[in-house]
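Asker: Got a structure for you, written out below as structure tokens; questions coming shortly.
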Amino acid sequence: METVNITINNIQLEVPKSTTILQAARMINIEIPTLCHMKLEDFCIENKPAGCRICMVDVKGRRNLVPSCVTECTEGMVIETSSPRIINARRTVLELILSDHPFECLICPKNGKCDLQSLAQELGVREIRYTGEQSTYRMDTSQAIIRNPDKCIMCRRCELMCNTVQTCGVLSAVNRGFMSVVAPAFEQNLDHSPCTYCGQCVAVCPTAALTEVDQTSKLIQALADPDKVVVVQTAPAVRVTLGEEFGMKPGTIVTGKMVTALKRLGFDYVFDTDFAADLTIMEEGTELLNRLTKYLNGDKSVNLPILTSCCPAWVNFFEKNFPDLIDIPSTAKSPQQMFGAIAKNYFAKQLNIPREKLVVVSVMPCVAKKYEAQREEFRVNNDPDVNISITTRELATLIKQTVQDFNSLPESDFDRPLGESTGAGAIFGTTGGVIEAAVRTAYELYTKKPLPKIEFEELRGMDWIRKATVDFDGLKLNIGIAHGLGNARKLLEEIQAGKSEFHAIEIMACPGGCIGGGGQPQHHGKSEIIRARQKAIYEEDRRLPLRKSHENPYITKLYEEYLGHPMSELSHELLHTEYFQKQPEIIIEND
Amino acid sequence: MAKITSLDDLRKIKKNLEEQISLREKAENPESLVQIKVGMATSGIAAGAKEIFTFLVDELEKRNIPAIVTQTGDMGYSYAEPTVEVKLPGQEPVVFGWVTKEKADEIIEKYIRNGELVEGIIPQNYKTIDDK
Amino acid sequence: MGTYKYHILVCGGTGCKSSQSTQIVQNLNEEIKANNLENFVKVVTTGCFGFCERGPIVKVLPDNSFYNYVKPEDATEIINEHIIKGRRVERLLFRDPVTNKPVTDSKHINFYQKQLRIVLRNCGVIDPENIEEYIARDGYLALYKCLNELTPTEVIDIIKRSGLRGRGGAGFPTGVKWEIAAASPGPEKYVVCNADEGDPGAFMDRSVLEGDPHSVLEAMAICGYAIGASHGLIYIRAEYPMAIKRLKIAIKQAEEYGLLGKNIFGTDFSFDIELRYGAGAFVCGEETALIHSMEGNRGEPTVKPPYPAVSGYKGKPTNVNNVETFANISPIIIKGPEWFASIGTEKSKGTKVFALAGKINNVGLIEVPMGITLREIIYEIGGGIKNDKKFKAIQTGGPSGGCLTEKHLDTPIEYETLVAAGSMMGSGGMIVMDEDDCMVSVAKFYLDFTVEESCGKCAPCRIGNKRLSEILDKITKGNGTMEDIELLKNLCMVIKDTALCGLGQTSPNPVQSTLENFWDEYVEHIVDKKCRANKCKDLIHYYIDPENCTGCMACARKCPVNAIAGERKQVHVINQDLCTKCGTCLETCKFNAVYII
């Protein structure tokens with residue numbers, strides 16, 4: 001490998017060619033503060049517009065300071081990272097950024113977790129000498145995401161996620177100069193844009209310019225209402241990340257503590273979305289086998305590949321971007337909505353209460369789930385199947401109000417009957433997990449033989465697009481996996497072009513799947529955190545005694561007592577849905 | 001339009017327009033050229049100045065003498081019409097009176113080409129209109 | 001074709017067109033027809049003569065009569081008097097601003113005397129919509145020479161030896177730029193002409209494109225040959241409709257004549273040129289922003305390196321040069337690098353086109369040899385300061401240049417000397433200020449332009465320039481403190497040090513140079529709450545001198561806010577609470593009774 005010799009703060013070192021000054025400095029433990037820069041190493045995502053001008057350093061021979069995040073080391077470069085000139089420049093620039101930022105840290109949703117706040121602390125800014133007009137914009141509250149552009153610092157991270165990674169093209173810089181801000185085209189609302197509510201913008205926003213719609217107040221009111229029975233379901237990816245909010249190591253599994261905390265919060269029943277995930281496998285797996293059998297029998301009306309439909313941002317994505325393909329995804333509802341439908345129909349009946357009295361709450365790693373819960377088709381007489389959907393972060397906020405020390409909480413089990421689940425449900429939280437769970441069940445249903453090996457290593461990993469062929473006792477099933485909507489787009493375009501080689505494709509909108517969801521604790525650009533979460537998901541799977549959805553006794557019972565069999569008429573009514581062509585409409589707001 | 005493929009093609013176009021363009025180029029740098037003014041006020045025209053003007057323009061061109069021929073107003077020598085003022089580069093202007101075609105021919109051949117004096121010069125006691 | 005005895009050149013530049021020069025051409029042609037002079041007189045619409053303030057301009061050849069402020073109805077007189085009777089129309093002749101005497105021909109107009117036209121060689125001489133006129137002036141000969149007699153390396157060598165430097169402002173050696181692009185590997189490369197002229201009041205590029213579009217096309221093809229590119233793109237702002245029209249005509253004609261397109265002059269070399277339109281963002285003149293804009297992205301600069309010569313349009317090696325730079329290429333090839341290098345100074349060769357404006361008698365476009373002094377430009381070409389006022393400053397280099405003063409008047413104009421003096425060459429704007437200009441307000445004026453035109457990408461430019469402007473505003477309103485000056489100084493320094501692109505890195509220049517050269521004025525505004533130029537409304541008050549006031553009521557009647565009280569024959573008084581300081585009373589009073597404190 002070609003290398004170059006450089007000097008940083010009088011320390012000589014040799015670095016590979018095309019190493020940036022920032023990287024080189026970090027190699028020798030020299031800290032250069034950054035703000036807009038963000039690098040998700042494992043995903044090859046790097047945001048370096050060099051716009052914040054905080055990471056400036058002095059390169060000998062250059063007239064001006066240079067941004068270390070983009071400037072590559074060249075042979076003989078002499079770099080200074082902390083001279084008075086640099087420190088003054090950094091502080092002055094930070095003061096400028098702060099001078100155009102609302103001073104409402106005390107009630108800001110990002111208070112304590114804000115990169116800008118931390119940087120101000122780090123650089124010791126105690127006064128803002130440059131004060132003046134602040135740029136103000138219209139707030140935009142959608143069903144899932146709130147844009148508060150006043151707090152945008154033009155780091156452009158969301159723009160990178162929305163355009164390059166997710167290829168949704170919703171957020172980009174608009175206007176000029178002092179009034180420039182990141183917003184949808186014509187500064188229209190997210191609701192009128194092709195936004196999928198994947199929440200990756202929220203996941204990377206350093207400030208509170210992009211946040212989820214907070215539903216904790218609404219939830220507390222429901223819990224406080226004596227006339228309501230409040231049940232909660234927790235998504236598979238929440239139990240492996242919630243601990244991070246309480247200072248635990250990424251990848252710590254906190255299932256039992258989480259259940260205890262939820263019970264202390266006052267939920268009447270603490271259930272598990274994993275149960276609904278098992279149910280999803282029964283429906284989706286059966287649908288796959290049905291379609292496959294028809295296809296193999298030469299039925300030309302059958303559409304293959306079948307696409308998973310658990311991810312709400314992904315559903316929004318194809319409804320808005322690929323209206324011609326809406327017949328291809330599985331009609332199975334997502335686990336959140338299957339749970340809601342079962343709770344409001346089956347469980348309410350068991351409790352002998354009307355569905356309106358039952359409040360279904362979901363804790364999700366996701367902001368798109370908030371939107372999904374509000375979809376028209378998921379409500380009966382205007383009563384939604386899922387009343388309130390909160391994120392992992394919102395749950396942590398609530399727990400902090402009631403539990404002194406989360407780490408020392410005892411562990412509890414989920415309630416029955418909707419709390420029992422298998423390892424197949426648990427792995428729904430990572431990319432590759434849904435299709436692996438489906439294969440475990442579909443294999444045994446199709447071949448009528450037990451699986452020789454339960455873990456499908458070939459379906460796991462973090463590569464953006466993965467392909468594997470699974471041998472169903474002679475039937476070679478081609479499986480595709482994509483995470484990140486930009487990668488999903490590639491597979492969809494193959495389908496459109498009639499070039500797809502797959503029988504089934506799993507798609508998750510977020511990098512890494514739900515473990516990297518928009519509702520998760522902030523990773524602050526550290527992709528090793530997402531990797532640790534993935535490891536924990538598979539650990540949770542191994543920990544469970546049952547690891548195939550069709551072996552879940554409560555699922556069997558549910559079919560026996562209530563649904564009949566997968567894809568039954570009642571299943572169709574409660575557990576399946578349809579998709580709609582949604583072309584974004586351009587509405588220019590006049591304000 | 002046939003495509004230009006050679007230097008000759010370029011030169012041909014240049015030559016076709018040479019005359020027009022040289023008129024403008026000369027105007028850019030009048031001091032280095034012979035400047036001729038023909039008095040063309042009413043009395044001059046009546047005395048045949050227009051013919052003299054055309055004759056001078058055509059003949060100078062034919063004889064390949066770079067010169068600027070312009071009209072000017074009454075020079076104040078009505079008795080001597082048609083009058084022609086000739087200014088050779090670096091010299092004072094000279095005015096000829098009673099110019100006929102023959103005289104004009106003589107002016108071209110003798111005065112302009114060879115700098116020989118020709119009869120008919122009106123003694124100079126004025127400034128050209130341009131200097132007023 | 002008949003031999004025309006007279007050519008009437010009518011300026012078809014944007015300035016003159018908007019003052020009805022098209023109508024003048026039409027009327028002239030009608031008159032010519034009416035007098036049966038069709039074979040005798042030819043009317044030619046040309047590019048800009050540069051003396052736009054005096055437009056529309058009509059020049060009659062061969063006697064070079066220079067008519068200014070011509071109206072369409074003057075056509076009759078021009079034909080009847082000048083052409084038929086041979087008498088110049090004296091009232092339309094240019095008058096020397098100093099002597100007030102009419103000047104007969106353009107050669108004797110001071111405005112033109114010191115000029116040396118290389119870039120503008122064809123502007124105002126040829127019909128820009130006729131390729132043959134360009135060819136008749138040795139057009140496309142340089143391209144022929146390059147393709148048939150020179151290797152690409154030799155072409156680059158000639159440009160390098162000529163000493164030509166980028167005319168967009170930064171002054172990077174053009175030959176070196178070409179050399180880097182030529183050395184970048186790859187079969188797909190691009191030649192880009194930066195025609196995104198954005199400085200307020202600057203129109204040199206527009207004039208070249210309108211008056212001599214082929215000079216740019218030919219140079220782009222030469223550049224393509226030199227660096228190994230076969231595609232050219234001209235990034236031009238959509239607000240230049242006439243330049244766009246002329247370019248389109250020129251490209252079409254060049255293609256028809258085989259001077260653009262496949263196998264030019266029968267060689268292996270092919271080159272085509274396309275237009276790309278900009279939406280009028282100043283920052284898109286910065287080459288990386290320009291490239292992003294051409295790619296269909298937001299016009300924002302990115303950090304260099306990588307330079308466009310290595311990774312530019314669509315990630316391919318791209319050579320970006322300014323219009324004026326390109327317009328120099330053909331003469332250099334034909335007349336040789338030594339000829340070009342003999343003009344100008346040691347480090348800055350050739351000529352530079354400047355747009356001269358402000359408080360000066362001769363406003364317009366001038367092309368002068370490098371090394372000329374500001375004094376020569378202001379007092380000889382520019383004809384001195386208007387109304388015999390005192391010269392105060394000249395702002396060069398566009399909105400992010402600096403203000404130079406009396407002490408810089410004899411500095412020869414070069415890239416380096418201007419930077420050393422605290423300004424820059426920029427694209428060549430020159431705005432002259434006199435004693436009536438308040439330098440704090442001037443600094444604020446320029447800064448407000450960069451605040452408006454900042455792309456918003458980097459924080460120092462987006463927010464810093466806004467804060468600079470706000471502090472200046474505070475000072476001009478009389479609310480400034482001496483501490484504000486320290487804040488200004490620090491902020492100027494940090495913005496220059498940290499901004500992402502040339503726009504931000506130079507935007508504090510007007511503030512820094514006025515702080516340096518007009519410190520007293522800042523202090524006066526802050527400490528004495530006074531504006532010596534009486535420009536800052538918050539620092540001045542209008543009063544009526546009872547000694548001089550005759551009680552004529554004229555000012556009271558004209559006052560738009562009824563702030564002046566007083567009966568007829570009684571002394572008037574201005575109510576300071578109501579007065580908006582519009583100055584109408586001062587203009588109205590015939591008795592010198594209104595004064596400013």
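Residues are referred to by chain and number: the chain letter is A, B, ... according to the order shown in the structure tokens, the number counts from 1 in that chain, and ligands are numbered separately from 1 in the order shown.
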For chain C against chain B, which residues fall within 10 Å using only C-alpha atoms, given as a VMD selection string?
Answerer: chain C and resid 1 3 to 9 42 60 to 65 81 to 88 101 to 107 122 124 to 126 131 to 141 144 to 145 148 253 to 259 263 to 267
Asker: With DSSP run on the backbone, what are the alpha helix (DSSP H) residues within region 50-253 of chain C? I'd like them as a PyMOL selection string.
Answerer: chain C and resi 75-77+110-113+131-136+141-149+152-162+174-183+204-211+213-227+241-253
Asker: So what do you get for CA of Val254 (chain A) versus CA of Glu411 (chain A), distance-wise?
Answerer: 8.4 Å
Asker: Can you tell me which residues surround Arg113 (chain B) at a distance of at most 10 Å, considering only C-alpha atoms, apart from same-chain residues fewer than 5 positions away, and format the answer as a VMD selection string?
Answerer: chain B and resid 65 88 106 to 108
Asker: Determine, counting only C-alpha atoms, which protein, DNA and RNA residues have an atom within 10 Å of an atom of Pro241 (chain C); residues of the same chain fewer than 6 positions away are not included. Present the result as a list in words.
Answerer: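 These residues fall inside the cut-off: Thr14, Arg206, Glu210 and Leu247 of chain C.
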Asker: Pull out every residue of chain A that has at least one atom within 7 Å of chain C, counting only C-alpha atoms, and report them as a PyMOL selection string.
Answerer: chain A and resi 51-53+64-65+89+93+96-97+130+132+154+176-178+180
Asker: Write the selection just made, keeping C-alpha atoms, as a PDB file, in the first residue's frame?
Answerer:
```pdb
ATOM      1  CA  GLY A  51     -19.759  22.845   5.760  1.00  0.00           C
ATOM      2  CA  CYS A  52     -19.557  23.394   9.514  1.00  0.00           C
ATOM      3  CA  ARG A  53     -15.896  24.481   9.412  1.00  0.00           C
ATOM      4  CA  ASN A  64      -6.297  29.471   4.848  1.00  0.00           C
ATOM      5  CA  LEU A  65      -7.205  26.813   7.375  1.00  0.00           C
ATOM      6  CA  ALA A  89     -11.501  30.170  14.441  1.00  0.00           C
ATOM      7  CA  VAL A  93     -17.515  29.693  13.958  1.00  0.00           C
ATOM      8  CA  LEU A  96     -21.880  31.950  14.776  1.00  0.00           C
ATOM      9  CA  ILE A  97     -23.734  28.644  14.518  1.00  0.00           C
ATOM     10  CA  TYR A 130     -22.057  37.624  17.626  1.00  0.00           C
ATOM     11  CA  GLY A 132     -28.376  39.024  15.610  1.00  0.00           C
ATOM     12  CA  MET A 154     -27.017  22.584   7.669  1.00  0.00           C
ATOM     13  CA  ARG A 176     -29.764  30.697  -0.266  1.00  0.00           C
ATOM     14  CA  GLY A 177     -27.459  32.310   2.218  1.00  0.00           C
ATOM     15  CA  PHE A 178     -28.763  32.983   5.691  1.00  0.00           C
ATOM     16  CA  SER A 180     -30.789  28.240   3.459  1.00  0.00           C
TER      17      SER A 180
END
```
Asker: Report as a PyMOL selection string all protein, DNA and RNA residues lying within 12 Å of region 456-462 of chain A, evaluated on only C-alpha atoms, omitting residues in the same chain fewer than 4 positions from it.
Answerer: chain A and resi 41-44+424+427-428+430-440+443+451-452+466-471+478-484+505-506+508+510-513+515-516+527-528+530-535+537-538
